[in-house]
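This is data.pdb (PDB, C-alpha atoms).
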ATOM      1  CA  MET A   8      18.454  33.552  16.152
ATOM      2  CA  ALA A   9      21.920  32.078  16.631
ATOM      3  CA  LYS A  10      25.014  34.200  16.241
ATOM      4  CA  GLN A  11      26.828  33.444  13.004
ATOM      5  CA  ARG A  12      30.520  32.559  12.872
ATOM      6  CA  SER A  13      32.898  34.629  10.824
ATOM      7  CA  LYS A  14      34.586  32.807   7.964
ATOM      8  CA  SER A  15      37.971  33.113   9.641
ATOM      9  CA  ASP A  16      36.673  31.025  12.563
ATOM     10  CA  LEU A  17      35.769  28.025  10.389
ATOM     11  CA  PRO A  18      38.068  24.969  10.365
ATOM     12  CA  THR A  19      40.427  24.507   7.425
ATOM     13  CA  LYS A  20      42.347  21.661   5.772
ATOM     14  CA  VAL A  21      44.979  21.495   3.045
ATOM     15  CA  CYS A  22      44.171  19.616  -0.153
ATOM     16  CA  PRO A  23      46.840  16.948  -0.859
ATOM     17  CA  VAL A  24      46.479  17.406  -4.641
ATOM     18  CA  CYS A  25      46.628  21.170  -5.190
ATOM     19  CA  GLU A  26      48.137  21.907  -1.742
ATOM     20  CA  ARG A  27      45.776  24.836  -1.175
ATOM     21  CA  PRO A  28      43.837  25.400   2.031
ATOM     22  CA  PHE A  29      40.076  24.972   1.933
ATOM     23  CA  VAL A  30      37.416  25.888   4.470
ATOM     24  CA  TRP A  31      34.597  23.913   6.061
ATOM     25  CA  ARG A  32      31.288  24.027   4.158
ATOM     26  CA  LYS A  33      27.810  23.426   5.504
ATOM     27  CA  LYS A  34      27.300  20.465   3.147
ATOM     28  CA  TRP A  35      30.302  18.793   4.815
ATOM     29  CA  ALA A  36      28.877  19.187   8.343
ATOM     30  CA  ASP A  37      28.185  15.454   8.745
ATOM     31  CA  CYS A  38      31.359  14.177   7.089
ATOM     32  CA  TRP A  39      34.087  16.805   7.715
ATOM     33  CA  ASP A  40      36.449  14.163   9.144
ATOM     34  CA  ASP A  41      36.217  12.188   5.882
ATOM     35  CA  VAL A  42      36.743  15.152   3.520
ATOM     36  CA  LYS A  43      40.220  15.079   1.980
ATOM     37  CA  TYR A  44      39.957  17.057  -1.257
ATOM     38  CA  CYS A  45      38.823  20.610  -1.910
ATOM     39  CA  SER A  46      36.844  19.762  -5.049
ATOM     40  CA  GLU A  47      35.654  17.022  -7.392
ATOM     41  CA  ARG A  48      38.454  17.954  -9.773
ATOM     42  CA  CYS A  49      41.109  17.285  -7.133
ATOM     43  CA  ARG A  50      39.372  14.079  -6.075
ATOM     44  CA  ARG A  51      39.500  12.808  -9.679
ATOM     45  CA  ARG A  52      43.158  13.853 -10.043
ATOM     46  CA  ARG A  53      44.295  12.193  -6.789
ATOM     47  CA  THR A  54      45.964   9.243  -8.556
ATOM     48  CA  GLN A  55      47.990  11.560 -10.794
ATOM     49  CA  ALA A  56      49.237  13.552  -7.801
ATOM     50  CA  SER A  57      50.486  10.508  -5.899
ATOM     51  CA  SER A  58      52.469   9.185  -8.876
TER      52      SER A  58
END
Whole structure given in structure tokens:
Amino acid sequence: MAKQRSKSDLPTKVCPVCERPFVWRKKWADCWDDVKYCSERCRRRRTQASS
């Protein structure tokens, strides 16, 4: 069995809408480079934040 990473070793990004850091998730393994927002709520509010 493979050794598991600790959560502090996972890559992080900062959400441009809420400006909070968020951590890599397994469901984003294939598209981590394309992920910009921490949640659906921030993704929907992206136009309000840029105005």
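Coordinates place CA of Val24 in chain A at a distance of 7.4 Å from CA of Tyr44 in chain A.
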Query raised in the report: Which of these residues is nearest to Arg51 in chain A, using only C-alpha atoms: A:Cys38, A:Cys25, A:Ser13, A:Thr19?
Result: A:Cys25
**Report entry** Residues returned when the PyMOL selection byres ((chain A and resi 46) around 12) runs on this file, as number ranges by chain
**Finding:** A: 21-30, 32, 35, 42-45, 47-53
Let me know the centre plus edge lengths, in Å and rounded to one decimal, of a box with edges along x, y and z that contains all listed atoms of range 16-25 of chain A and is padded by 6 Å on every side, as AutoDock Vina command-line options.
--center_x 41.3 --center_y 24.0 --center_z 3.7 --size_x 23.1 --size_y 26.1 --size_z 29.8
